[in-house]
$ cat start.pdb   # PDB, N, CA and C atoms
ATOM      1  N   MET A 762      97.982 185.072 109.046  1.00  0.00           N
ATOM      2  CA  MET A 762      99.102 184.308 108.529  1.00  0.00           C
ATOM      3  C   MET A 762      98.576 182.996 107.972  1.00  0.00           C
ATOM      4  N   THR A 763      99.184 182.591 106.895  1.00  0.00           N
ATOM      5  CA  THR A 763      98.877 181.298 106.307  1.00  0.00           C
ATOM      6  C   THR A 763      99.901 180.299 106.816  1.00  0.00           C
ATOM      7  N   PHE A 764      99.438 179.254 107.483  1.00  0.00           N
ATOM      8  CA  PHE A 764     100.377 178.285 108.029  1.00  0.00           C
ATOM      9  C   PHE A 764     100.958 177.372 106.961  1.00  0.00           C
ATOM     10  N   GLY A 765     100.569 177.559 105.687  1.00  0.00           N
ATOM     11  CA  GLY A 765     101.149 176.788 104.610  1.00  0.00           C
ATOM     12  C   GLY A 765     102.515 177.304 104.209  1.00  0.00           C
ATOM     13  N   GLU A 766     102.862 178.518 104.630  1.00  0.00           N
ATOM     14  CA  GLU A 766     104.169 179.081 104.290  1.00  0.00           C
ATOM     15  C   GLU A 766     105.101 178.979 105.490  1.00  0.00           C
ATOM     16  N   PRO A 767     106.427 178.953 105.252  1.00  0.00           N
ATOM     17  CA  PRO A 767     107.377 178.820 106.357  1.00  0.00           C
ATOM     18  C   PRO A 767     107.162 179.901 107.419  1.00  0.00           C
ATOM     19  N   ASN A 768     107.179 179.493 108.691  1.00  0.00           N
ATOM     20  CA  ASN A 768     106.925 180.425 109.777  1.00  0.00           C
ATOM     21  C   ASN A 768     107.503 179.877 111.078  1.00  0.00           C
ATOM     22  N   ASP A 769     107.480 180.703 112.115  1.00  0.00           N
ATOM     23  CA  ASP A 769     107.943 180.267 113.432  1.00  0.00           C
ATOM     24  C   ASP A 769     106.783 180.065 114.400  1.00  0.00           C
ATOM     25  N   GLY A 770     105.590 179.965 113.863  1.00  0.00           N
ATOM     26  CA  GLY A 770     104.404 179.808 114.678  1.00  0.00           C
ATOM     27  C   GLY A 770     103.675 181.119 114.900  1.00  0.00           C
ATOM     28  N   ILE A 771     104.329 182.229 114.634  1.00  0.00           N
ATOM     29  CA  ILE A 771     103.741 183.564 114.796  1.00  0.00           C
ATOM     30  C   ILE A 771     104.005 184.422 113.552  1.00  0.00           C
ATOM     31  N   VAL A 772     105.250 184.441 113.100  1.00  0.00           N
ATOM     32  CA  VAL A 772     105.702 185.336 112.030  1.00  0.00           C
ATOM     33  C   VAL A 772     106.143 184.517 110.824  1.00  0.00           C
ATOM     34  N   THR A 773     105.736 184.939 109.623  1.00  0.00           N
ATOM     35  CA  THR A 773     106.189 184.237 108.419  1.00  0.00           C
ATOM     36  C   THR A 773     107.636 184.618 108.118  1.00  0.00           C
ATOM     37  N   VAL A 774     108.367 183.681 107.530  1.00  0.00           N
ATOM     38  CA  VAL A 774     109.745 183.956 107.127  1.00  0.00           C
ATOM     39  C   VAL A 774     109.766 185.117 106.138  1.00  0.00           C
ATOM     40  N   GLU A 775     108.854 185.123 105.196  1.00  0.00           N
ATOM     41  CA  GLU A 775     108.823 186.181 104.181  1.00  0.00           C
ATOM     42  C   GLU A 775     108.674 187.563 104.805  1.00  0.00           C
ATOM     43  N   SER A 776     107.922 187.680 105.885  1.00  0.00           N
ATOM     44  CA  SER A 776     107.720 189.001 106.504  1.00  0.00           C
ATOM     45  C   SER A 776     108.955 189.491 107.247  1.00  0.00           C
ATOM     46  N   THR A 777     109.962 188.650 107.417  1.00  0.00           N
ATOM     47  CA  THR A 777     111.189 189.069 108.098  1.00  0.00           C
ATOM     48  C   THR A 777     112.218 189.632 107.127  1.00  0.00           C
ATOM     49  N   ARG A 778     111.944 189.556 105.848  1.00  0.00           N
ATOM     50  CA  ARG A 778     112.883 190.068 104.846  1.00  0.00           C
ATOM     51  C   ARG A 778     112.643 191.560 104.626  1.00  0.00           C
ATOM     52  N   LEU A 779     113.738 192.336 104.624  1.00  0.00           N
ATOM     53  CA  LEU A 779     113.654 193.775 104.440  1.00  0.00           C
ATOM     54  C   LEU A 779     114.429 194.181 103.191  1.00  0.00           C
ATOM     55  N   ALA A 780     113.951 195.204 102.521  1.00  0.00           N
ATOM     56  CA  ALA A 780     114.651 195.715 101.339  1.00  0.00           C
ATOM     57  C   ALA A 780     116.054 196.165 101.734  1.00  0.00           C
ATOM     58  N   GLY A 781     117.045 195.778 100.961  1.00  0.00           N
ATOM     59  CA  GLY A 781     118.419 196.197 101.181  1.00  0.00           C
ATOM     60  C   GLY A 781     119.180 195.422 102.241  1.00  0.00           C
ATOM     61  N   MET A 782     118.550 194.434 102.835  1.00  0.00           N
ATOM     62  CA  MET A 782     119.258 193.687 103.872  1.00  0.00           C
ATOM     63  C   MET A 782     120.407 192.881 103.270  1.00  0.00           C
ATOM     64  N   LYS A 783     121.462 192.703 104.051  1.00  0.00           N
ATOM     65  CA  LYS A 783     122.646 191.989 103.578  1.00  0.00           C
ATOM     66  C   LYS A 783     122.750 190.597 104.165  1.00  0.00           C
ATOM     67  N   GLU A 784     122.052 190.329 105.226  1.00  0.00           N
ATOM     68  CA  GLU A 784     122.091 189.024 105.889  1.00  0.00           C
ATOM     69  C   GLU A 784     120.671 188.606 106.249  1.00  0.00           C
ATOM     70  N   HIS A 785     120.415 187.313 106.170  1.00  0.00           N
ATOM     71  CA  HIS A 785     119.142 186.745 106.612  1.00  0.00           C
ATOM     72  C   HIS A 785     119.434 185.350 107.111  1.00  0.00           C
ATOM     73  N   LEU A 786     118.891 185.019 108.257  1.00  0.00           N
ATOM     74  CA  LEU A 786     119.185 183.740 108.879  1.00  0.00           C
ATOM     75  C   LEU A 786     117.886 183.090 109.327  1.00  0.00           C
ATOM     76  N   ILE A 787     117.746 181.821 109.026  1.00  0.00           N
ATOM     77  CA  ILE A 787     116.586 181.048 109.481  1.00  0.00           C
ATOM     78  C   ILE A 787     117.109 179.950 110.394  1.00  0.00           C
ATOM     79  N   LEU A 788     116.606 179.923 111.618  1.00  0.00           N
ATOM     80  CA  LEU A 788     116.986 178.897 112.576  1.00  0.00           C
ATOM     81  C   LEU A 788     115.761 178.080 112.959  1.00  0.00           C
ATOM     82  N   PRO A 789     115.950 176.817 113.318  1.00  0.00           N
ATOM     83  CA  PRO A 789     114.821 175.924 113.594  1.00  0.00           C
ATOM     84  C   PRO A 789     114.255 176.072 115.009  1.00  0.00           C
ATOM     85  N   HIS A 790     113.691 177.251 115.296  1.00  0.00           N
ATOM     86  CA  HIS A 790     113.134 177.510 116.621  1.00  0.00           C
ATOM     87  C   HIS A 790     111.770 178.164 116.489  1.00  0.00           C
ATOM     88  N   THR A 791     110.909 177.930 117.474  1.00  0.00           N
ATOM     89  CA  THR A 791     109.620 178.607 117.479  1.00  0.00           C
ATOM     90  C   THR A 791     109.800 180.026 118.012  1.00  0.00           C
ATOM     91  N   HIS A 792     108.871 180.886 117.664  1.00  0.00           N
ATOM     92  CA  HIS A 792     108.911 182.290 118.062  1.00  0.00           C
ATOM     93  C   HIS A 792     109.008 182.437 119.585  1.00  0.00           C
ATOM     94  N   THR A 793     108.218 181.657 120.287  1.00  0.00           N
ATOM     95  CA  THR A 793     108.122 181.774 121.745  1.00  0.00           C
ATOM     96  C   THR A 793     109.428 181.456 122.465  1.00  0.00           C
ATOM     97  N   PHE A 794     110.190 180.494 121.953  1.00  0.00           N
ATOM     98  CA  PHE A 794     111.370 180.042 122.680  1.00  0.00           C
ATOM     99  C   PHE A 794     112.707 180.378 122.027  1.00  0.00           C
ATOM    100  N   MET A 795     112.705 181.139 120.931  1.00  0.00           N
ATOM    101  CA  MET A 795     113.979 181.420 120.261  1.00  0.00           C
ATOM    102  C   MET A 795     114.942 182.213 121.142  1.00  0.00           C
ATOM    103  N   MET A 796     114.415 182.986 122.084  1.00  0.00           N
ATOM    104  CA  MET A 796     115.296 183.760 122.957  1.00  0.00           C
ATOM    105  C   MET A 796     116.097 182.883 123.910  1.00  0.00           C
ATOM    106  N   ASN A 797     115.731 181.633 124.047  1.00  0.00           N
ATOM    107  CA  ASN A 797     116.467 180.698 124.903  1.00  0.00           C
ATOM    108  C   ASN A 797     117.524 179.908 124.148  1.00  0.00           C
ATOM    109  N   SER A 798     117.645 180.127 122.861  1.00  0.00           N
ATOM    110  CA  SER A 798     118.542 179.349 122.022  1.00  0.00           C
ATOM    111  C   SER A 798     119.966 179.901 122.019  1.00  0.00           C
ATOM    112  N   PRO A 799     120.958 179.084 122.368  1.00  0.00           N
ATOM    113  CA  PRO A 799     122.347 179.530 122.261  1.00  0.00           C
ATOM    114  C   PRO A 799     122.721 179.911 120.824  1.00  0.00           C
ATOM    115  N   ALA A 800     122.178 179.213 119.829  1.00  0.00           N
ATOM    116  CA  ALA A 800     122.488 179.528 118.430  1.00  0.00           C
ATOM    117  C   ALA A 800     121.971 180.916 118.056  1.00  0.00           C
ATOM    118  N   VAL A 801     120.794 181.279 118.544  1.00  0.00           N
ATOM    119  CA  VAL A 801     120.239 182.614 118.276  1.00  0.00           C
ATOM    120  C   VAL A 801     121.113 183.673 118.953  1.00  0.00           C
ATOM    121  N   ALA A 802     121.507 183.425 120.188  1.00  0.00           N
ATOM    122  CA  ALA A 802     122.362 184.371 120.908  1.00  0.00           C
ATOM    123  C   ALA A 802     123.702 184.550 120.191  1.00  0.00           C
ATOM    124  N   GLU A 803     124.314 183.454 119.763  1.00  0.00           N
ATOM    125  CA  GLU A 803     125.601 183.532 119.057  1.00  0.00           C
ATOM    126  C   GLU A 803     125.470 184.288 117.740  1.00  0.00           C
ATOM    127  N   ALA A 804     124.404 184.026 116.984  1.00  0.00           N
ATOM    128  CA  ALA A 804     124.193 184.717 115.710  1.00  0.00           C
ATOM    129  C   ALA A 804     123.959 186.205 115.938  1.00  0.00           C
ATOM    130  N   THR A 805     123.222 186.548 116.977  1.00  0.00           N
ATOM    131  CA  THR A 805     122.957 187.961 117.290  1.00  0.00           C
ATOM    132  C   THR A 805     124.237 188.687 117.668  1.00  0.00           C
ATOM    133  N   ILE A 806     125.035 188.078 118.527  1.00  0.00           N
ATOM    134  CA  ILE A 806     126.302 188.683 118.931  1.00  0.00           C
ATOM    135  C   ILE A 806     127.224 188.855 117.733  1.00  0.00           C
ATOM    136  N   SER A 807     127.307 187.833 116.897  1.00  0.00           N
ATOM    137  CA  SER A 807     128.144 187.921 115.695  1.00  0.00           C
ATOM    138  C   SER A 807     127.688 189.056 114.792  1.00  0.00           C
ATOM    139  N   PHE A 808     126.376 189.178 114.594  1.00  0.00           N
ATOM    140  CA  PHE A 808     125.868 190.239 113.726  1.00  0.00           C
ATOM    141  C   PHE A 808     126.179 191.612 114.315  1.00  0.00           C
ATOM    142  N   LEU A 809     126.003 191.774 115.601  1.00  0.00           N
ATOM    143  CA  LEU A 809     126.274 193.071 116.229  1.00  0.00           C
ATOM    144  C   LEU A 809     127.760 193.414 116.204  1.00  0.00           C
ATOM    145  N   GLN A 810     128.619 192.418 116.354  1.00  0.00           N
ATOM    146  CA  GLN A 810     130.061 192.666 116.376  1.00  0.00           C
ATOM    147  C   GLN A 810     130.680 192.769 114.989  1.00  0.00           C
ATOM    148  N   HIS A 811     130.174 191.957 114.033  1.00  0.00           N
ATOM    149  CA  HIS A 811     130.849 191.835 112.743  1.00  0.00           C
ATOM    150  C   HIS A 811     129.992 192.194 111.534  1.00  0.00           C
ATOM    151  N   GLY A 812     128.684 192.382 111.730  1.00  0.00           N
ATOM    152  CA  GLY A 812     127.815 192.720 110.603  1.00  0.00           C
ATOM    153  C   GLY A 812     127.367 191.523 109.805  1.00  0.00           C
ATOM    154  N   ASN A 813     127.599 190.306 110.335  1.00  0.00           N
ATOM    155  CA  ASN A 813     127.116 189.095 109.668  1.00  0.00           C
ATOM    156  C   ASN A 813     126.819 188.040 110.723  1.00  0.00           C
ATOM    157  N   PHE A 814     126.107 186.995 110.308  1.00  0.00           N
ATOM    158  CA  PHE A 814     125.696 185.973 111.254  1.00  0.00           C
ATOM    159  C   PHE A 814     126.740 184.881 111.463  1.00  0.00           C
ATOM    160  N   GLY A 815     127.750 184.859 110.615  1.00  0.00           N
ATOM    161  CA  GLY A 815     128.802 183.862 110.758  1.00  0.00           C
ATOM    162  C   GLY A 815     129.807 184.281 111.809  1.00  0.00           C
ATOM    163  N   ALA A 816     130.708 183.388 112.151  1.00  0.00           N
ATOM    164  CA  ALA A 816     131.719 183.690 113.164  1.00  0.00           C
ATOM    165  C   ALA A 816     132.913 184.436 112.579  1.00  0.00           C
ATOM    166  N   THR A 817     132.939 184.619 111.258  1.00  0.00           N
ATOM    167  CA  THR A 817     134.082 185.254 110.598  1.00  0.00           C
ATOM    168  C   THR A 817     133.902 186.767 110.552  1.00  0.00           C
ATOM    169  N   PRO A 818     134.853 187.521 111.107  1.00  0.00           N
ATOM    170  CA  PRO A 818     134.760 188.979 111.032  1.00  0.00           C
ATOM    171  C   PRO A 818     134.829 189.477 109.589  1.00  0.00           C
ATOM    172  N   ALA A 819     134.297 190.659 109.355  1.00  0.00           N
ATOM    173  CA  ALA A 819     134.378 191.278 108.026  1.00  0.00           C
ATOM    174  C   ALA A 819     135.837 191.450 107.625  1.00  0.00           C
ATOM    175  N   LYS A 820     136.121 191.464 106.321  1.00  0.00           N
ATOM    176  CA  LYS A 820     137.501 191.519 105.818  1.00  0.00           C
ATOM    177  C   LYS A 820     138.274 192.748 106.264  1.00  0.00           C
ATOM    178  N   ASP A 821     137.590 193.860 106.488  1.00  0.00           N
ATOM    179  CA  ASP A 821     138.302 195.092 106.827  1.00  0.00           C
ATOM    180  C   ASP A 821     138.602 195.198 108.322  1.00  0.00           C
ATOM    181  N   GLU A 822     138.312 194.173 109.098  1.00  0.00           N
ATOM    182  CA  GLU A 822     138.614 194.225 110.535  1.00  0.00           C
ATOM    183  C   GLU A 822     139.984 193.652 110.812  1.00  0.00           C
TER     184      GLU A 822
END
$ encode --input "start.pdb" --output "C-alpha cells"
Amino acid sequence: MTFGEPNDGIVTVESTRLAGMKEHLILPHTHTFMMNSPAVAEATISFLQHGNFGATPAKDE
C-alpha cells in the first residue's frame, strides 16, 4: 500500500470500491478501531435494514 493515498492505516479507500456498488461511505476511523465506533455501527445497521448508509428508509418501504 502507498501511504500517499487515502487509507485507514491498512486498506486503501480505492480498494474498498466495488463495481456496481450503490453506496460508499468513508468515516474518520482507523482500521483497528472502527469496530468500536457508534457511527460505523449505525451506518452498518442502516445499510442492512434500508440498503443505504443514511437514516432514511428507501422510498418503497
$ resolve_selection --input "start.pdb" --expression "the PyMOL selection byres (((chain A and resi 790 and name CA) around 12) and name CA)" --output "VMD selection string"
chain A and resid 767 to 772 774 786 to 789 791 to 801
$ atom_distance --input "start.pdb" --atom1 "CA of Leu809 (chain A)" --atom2 "CA of Met782 (chain A)"
14.2 Å
$ axis_aligned_box --input "start.pdb" --around "region 794-804 of chain A" --padding-each-side "6 Å" --output "AutoDock Vina command-line options"
--center_x 117.9 --center_y 182.6 --center_z 120.3 --size_x 27.4 --size_y 19.1 --size_z 21.2
$ select_by_dssp --input "start.pdb" --residues "chain A" --states "helix (DSSP H, G or I)" --output "number ranges by chain"
A: 775-777, 795-797, 799-811
$ atom_distance --input "start.pdb" --atom1 "atom N of Lys783 (chain A)" --atom2 "atom C of Phe814 (chain A)"
12.0 Å
